[in-house]
file start.cif (mmCIF, C-alpha atoms, pLDDT in the B column; chains and numbers go by the auth columns)
data_final
#
loop_
_atom_site.group_PDB
_atom_site.id
_atom_site.type_symbol
_atom_site.label_atom_id
_atom_site.label_comp_id
_atom_site.label_asym_id
_atom_site.label_seq_id
_atom_site.Cartn_x
_atom_site.Cartn_y
_atom_site.Cartn_z
_atom_site.B_iso_or_equiv
_atom_site.auth_seq_id
_atom_site.auth_asym_id
ATOM 1 C CA MET A 1 -14.541 -2.248 2.055 66.00 190 X
ATOM 2 C CA ILE A 2 -13.533 -3.586 -1.328 81.00 191 X
ATOM 3 C CA LEU A 3 -10.122 -5.201 -1.033 86.00 192 X
ATOM 4 C CA PRO A 4 -7.521 -3.700 -3.339 92.00 193 X
ATOM 5 C CA ALA A 5 -5.549 -5.948 -5.645 94.00 194 X
ATOM 6 C CA GLU A 6 -2.147 -6.816 -4.222 95.00 195 X
ATOM 7 C CA LYS A 7 -0.336 -5.351 -7.221 96.00 196 X
ATOM 8 C CA GLU A 8 -2.187 -2.033 -6.922 97.00 197 X
ATOM 9 C CA LEU A 9 -1.630 -1.830 -3.166 97.00 198 X
ATOM 10 C CA ARG A 10 2.095 -2.467 -3.584 97.00 199 X
ATOM 11 C CA ALA A 11 2.277 0.198 -6.318 97.00 200 X
ATOM 12 C CA VAL A 12 0.593 2.823 -4.118 98.00 201 X
ATOM 13 C CA LEU A 13 2.843 1.920 -1.176 98.00 202 X
ATOM 14 C CA ALA A 14 5.898 2.340 -3.408 98.00 203 X
ATOM 15 C CA ARG A 15 4.649 5.720 -4.674 98.00 204 X
ATOM 16 C CA PHE A 16 3.934 6.806 -1.096 98.00 205 X
ATOM 17 C CA ALA A 17 7.415 5.776 0.071 98.00 206 X
ATOM 18 C CA GLN A 18 9.077 7.629 -2.800 98.00 207 X
ATOM 19 C CA ALA A 19 6.946 10.735 -2.239 98.00 208 X
ATOM 20 C CA ARG A 20 7.806 10.682 1.469 98.00 209 X
ATOM 21 C CA ILE A 21 11.531 10.388 0.732 98.00 210 X
ATOM 22 C CA ASP A 22 11.443 13.121 -1.919 98.00 211 X
ATOM 23 C CA HIS A 23 9.551 15.490 0.371 98.00 212 X
ATOM 24 C CA ASP A 24 11.781 14.791 3.368 98.00 213 X
ATOM 25 C CA LEU A 25 14.973 15.372 1.340 98.00 214 X
ATOM 26 C CA CYS A 26 13.941 18.499 -0.503 97.00 215 X
ATOM 27 C CA PRO A 27 10.480 19.824 0.386 98.00 216 X
ATOM 28 C CA THR A 28 8.806 21.875 -2.319 97.00 217 X
ATOM 29 C CA GLY A 29 5.233 22.640 -3.249 98.00 218 X
ATOM 30 C CA ARG A 30 5.365 19.847 -5.823 98.00 219 X
ATOM 31 C CA THR A 31 6.670 17.211 -3.394 98.00 220 X
ATOM 32 C CA SER A 32 4.056 18.285 -0.880 98.00 221 X
ATOM 33 C CA ARG A 33 1.244 17.823 -3.420 98.00 222 X
ATOM 34 C CA VAL A 34 2.561 14.430 -4.539 98.00 223 X
ATOM 35 C CA LEU A 35 2.829 13.261 -0.922 98.00 224 X
ATOM 36 C CA GLU A 36 -0.666 14.557 -0.188 98.00 225 X
ATOM 37 C CA ASP A 37 -2.107 12.815 -3.268 98.00 226 X
ATOM 38 C CA THR A 38 -0.461 9.478 -2.537 98.00 227 X
ATOM 39 C CA THR A 39 -1.448 9.667 1.132 98.00 228 X
ATOM 40 C CA TYR A 40 -5.053 10.283 0.103 98.00 229 X
ATOM 41 C CA THR A 41 -4.965 7.394 -2.378 97.00 230 X
ATOM 42 C CA LEU A 42 -3.507 5.043 0.226 97.00 231 X
ATOM 43 C CA CYS A 43 -6.136 6.059 2.777 97.00 232 X
ATOM 44 C CA VAL A 44 -8.991 5.570 0.316 96.00 233 X
ATOM 45 C CA MET A 45 -7.606 2.251 -0.867 96.00 234 X
ATOM 46 C CA THR A 46 -7.367 0.906 2.702 96.00 235 X
ATOM 47 C CA GLY A 47 -10.472 2.599 4.101 95.00 236 X
ATOM 48 C CA ALA A 48 -8.409 4.449 6.715 96.00 237 X
ATOM 49 C CA ARG A 49 -8.677 7.993 8.029 97.00 238 X
ATOM 50 C CA THR A 50 -4.990 8.554 8.801 97.00 239 X
ATOM 51 C CA VAL A 51 -1.770 7.556 7.098 97.00 240 X
ATOM 52 C CA ASP A 52 -0.722 5.560 10.179 97.00 241 X
ATOM 53 C CA GLN A 53 -3.950 3.550 10.044 98.00 242 X
ATOM 54 C CA ALA A 54 -3.557 3.115 6.280 97.00 243 X
ATOM 55 C CA LEU A 55 -0.046 1.717 6.656 97.00 244 X
ATOM 56 C CA LEU A 56 -1.158 -0.708 9.376 98.00 245 X
ATOM 57 C CA THR A 57 -4.076 -1.844 7.233 97.00 246 X
ATOM 58 C CA ALA A 58 -1.819 -2.218 4.190 97.00 247 X
ATOM 59 C CA ASP A 59 0.567 -4.388 6.223 96.00 248 X
ATOM 60 C CA ALA A 60 -2.333 -6.572 7.353 96.00 249 X
ATOM 61 C CA LEU A 61 -3.622 -6.907 3.791 95.00 250 X
ATOM 62 C CA LEU A 62 -0.183 -7.866 2.490 96.00 251 X
ATOM 63 C CA ALA A 63 0.059 -10.517 5.211 95.00 252 X
ATOM 64 C CA GLN A 64 -3.325 -11.894 4.094 93.00 253 X
ATOM 65 C CA TYR A 65 -2.121 -11.991 0.493 92.00 254 X
ATOM 66 C CA ALA A 66 1.028 -13.855 1.577 90.00 255 X
ATOM 67 C CA ASP A 67 -1.039 -16.374 3.556 87.00 256 X
ATOM 68 C CA ARG A 68 -3.358 -16.919 0.621 82.00 257 X
ATOM 69 C CA THR A 69 -0.420 -17.424 -1.750 68.00 258 X
ATOM 70 C CA SER A 70 1.268 -19.977 0.511 66.00 259 X
ATOM 71 C CA VAL A 71 -1.987 -21.941 0.852 57.00 260 X
ATOM 72 C CA SER A 72 -2.511 -22.066 -2.914 55.00 261 X
ATOM 73 C CA ARG A 73 1.092 -23.230 -3.436 57.00 262 X
ATOM 74 C CA GLU A 74 0.551 -26.021 -0.896 54.00 263 X
ATOM 75 C CA ASP A 75 -2.604 -27.022 -2.772 53.00 264 X
ATOM 76 C CA GLU A 76 -0.642 -27.147 -6.039 54.00 265 X
ATOM 77 C CA THR A 77 1.988 -29.396 -4.440 55.00 266 X
ATOM 78 C CA LEU A 78 -0.647 -31.717 -3.064 52.00 267 X
ATOM 79 C CA ALA A 79 -2.409 -31.870 -6.420 53.00 268 X
ATOM 80 C CA ALA A 80 0.781 -32.896 -8.209 53.00 269 X
#
call {"tool": "encode", "arguments": {"input": "start.cif", "output": "structure tokens"}}
result
Amino acid sequence: MILPAEKELRAVLARFAQARIDHDLCPTGRTSRVLEDTTYTLCVMTGARTVDQALLTADALLAQYADRTSVSREDETLAA
């Protein structure tokens, strides 16, 4: 699986969350399609088959990004 860029993953997660809220508050054909599209995008981006798996994978990826960022900041401090 090709790892998504952190910025792109966060953007898709935000779109998914908003689509979920919109559909839960006032379900229409449009909100259903938007939720379906963002769910599909999130699943493809994370290589998952279900939205639950996609969210777990996204959480794991974000944790990896956070670990990588903290390591590079430590390296910068040591280099100074």
call {"tool": "resolve_selection", "arguments": {"input": "start.cif", "expression": "the PyMOL selection byres ((chain X and resi 197) around 12)", "output": "list in words"}}
result
Leu192, Pro193, Ala194, Glu195, Lys196, Leu198, Arg199, Ala200, Val201, Leu202, Ala203, Arg204, Thr230, Leu231, Met234, Thr235, Ala247, Leu250 and Leu251 of chain X
call {"tool": "atom_distance", "arguments": {"input": "start.cif", "atom1": "atom CA of X:Arg219", "atom2": "atom CA of X:Thr239"}}
result
21.2 Å
call {"tool": "atom_distance", "arguments": {"input": "start.cif", "atom1": "atom CA of X:Thr227", "atom2": "atom CA of X:Ala208"}}
result
7.5 Å
call {"tool": "closest_residue", "arguments": {"input": "start.cif", "among": "X:Phe205, X:Val233, X:Gly218, X:Thr228", "to": "X:Ile191", "atoms": "all atoms listed in the file"}}
result
X:Val233
call {"tool": "closest_residue", "arguments": {"input": "start.cif", "among": "X:Gln207, X:Tyr254, X:Asp248, X:Cys232", "to": "X:Thr220", "atoms": "all atoms listed in the file"}}
result
X:Gln207
call {"tool": "build_atoms", "arguments": {"input": "start.cif", "residues": "stretch 201-230 of chain X", "atoms": "N, CA and C atoms", "output": "compact mmCIF listing (two decimals), keeping the file's coordinate frame"}}
result
# COMPACT_ATOMS: atom_id res chain seq x y z
N VAL X 201 0.90 1.61 -4.88
CA VAL X 201 0.59 2.82 -4.12
C VAL X 201 1.55 2.97 -2.94
N LEU X 202 1.88 1.86 -2.27
CA LEU X 202 2.84 1.92 -1.18
C LEU X 202 4.21 2.38 -1.68
N ALA X 203 4.61 1.92 -2.84
CA ALA X 203 5.90 2.34 -3.41
C ALA X 203 5.88 3.83 -3.75
N ARG X 204 4.77 4.29 -4.35
CA ARG X 204 4.65 5.72 -4.67
C ARG X 204 4.65 6.56 -3.41
N PHE X 205 3.97 6.08 -2.36
CA PHE X 205 3.93 6.81 -1.10
C PHE X 205 5.34 6.90 -0.50
N ALA X 206 6.06 5.78 -0.49
CA ALA X 206 7.42 5.78 0.07
C ALA X 206 8.32 6.75 -0.69
N GLN X 207 8.24 6.72 -2.01
CA GLN X 207 9.08 7.63 -2.80
C GLN X 207 8.69 9.08 -2.56
N ALA X 208 7.40 9.36 -2.49
CA ALA X 208 6.95 10.74 -2.24
C ALA X 208 7.41 11.21 -0.87
N ARG X 209 7.37 10.33 0.11
CA ARG X 209 7.81 10.68 1.47
C ARG X 209 9.29 11.00 1.48
N ILE X 210 10.08 10.16 0.81
CA ILE X 210 11.53 10.39 0.73
C ILE X 210 11.83 11.70 0.02
N ASP X 211 11.21 11.90 -1.14
CA ASP X 211 11.44 13.12 -1.92
C ASP X 211 11.10 14.36 -1.11
N HIS X 212 9.97 14.33 -0.41
CA HIS X 212 9.55 15.49 0.37
C HIS X 212 10.45 15.72 1.58
N ASP X 213 10.90 14.64 2.21
CA ASP X 213 11.78 14.79 3.37
C ASP X 213 13.15 15.33 2.97
N LEU X 214 13.65 14.93 1.79
CA LEU X 214 14.97 15.37 1.34
C LEU X 214 14.98 16.81 0.84
N CYS X 215 13.97 17.16 0.08
CA CYS X 215 13.94 18.50 -0.50
C CYS X 215 12.48 18.96 -0.65
N PRO X 216 11.90 19.46 0.43
CA PRO X 216 10.48 19.82 0.39
C PRO X 216 10.21 21.02 -0.54
N THR X 217 9.27 20.81 -1.43
CA THR X 217 8.81 21.88 -2.32
C THR X 217 7.29 21.77 -2.39
N GLY X 218 6.68 22.70 -3.06
CA GLY X 218 5.23 22.64 -3.25
C GLY X 218 4.83 21.40 -4.03
N ARG X 219 5.66 21.03 -5.01
CA ARG X 219 5.36 19.85 -5.82
C ARG X 219 5.45 18.57 -4.99
N THR X 220 6.52 18.43 -4.20
CA THR X 220 6.67 17.21 -3.39
C THR X 220 5.57 17.12 -2.34
N SER X 221 5.14 18.26 -1.85
CA SER X 221 4.06 18.28 -0.88
C SER X 221 2.75 17.79 -1.50
N ARG X 222 2.46 18.25 -2.72
CA ARG X 222 1.24 17.82 -3.42
C ARG X 222 1.28 16.33 -3.75
N VAL X 223 2.43 15.85 -4.21
CA VAL X 223 2.56 14.43 -4.54
C VAL X 223 2.37 13.59 -3.28
N LEU X 224 2.98 13.99 -2.18
CA LEU X 224 2.83 13.26 -0.92
C LEU X 224 1.38 13.29 -0.46
N GLU X 225 0.74 14.43 -0.57
CA GLU X 225 -0.67 14.56 -0.19
C GLU X 225 -1.56 13.66 -1.05
N ASP X 226 -1.31 13.64 -2.35
CA ASP X 226 -2.11 12.82 -3.27
C ASP X 226 -1.93 11.32 -2.98
N THR X 227 -0.69 10.90 -2.79
CA THR X 227 -0.46 9.48 -2.54
C THR X 227 -0.98 9.06 -1.17
N THR X 228 -0.89 9.96 -0.19
CA THR X 228 -1.45 9.67 1.13
C THR X 228 -2.95 9.49 1.02
N TYR X 229 -3.61 10.38 0.30
CA TYR X 229 -5.05 10.28 0.10
C TYR X 229 -5.42 8.97 -0.58
N THR X 230 -4.70 8.63 -1.64
CA THR X 230 -4.96 7.39 -2.38
C THR X 230 -4.80 6.18 -1.48
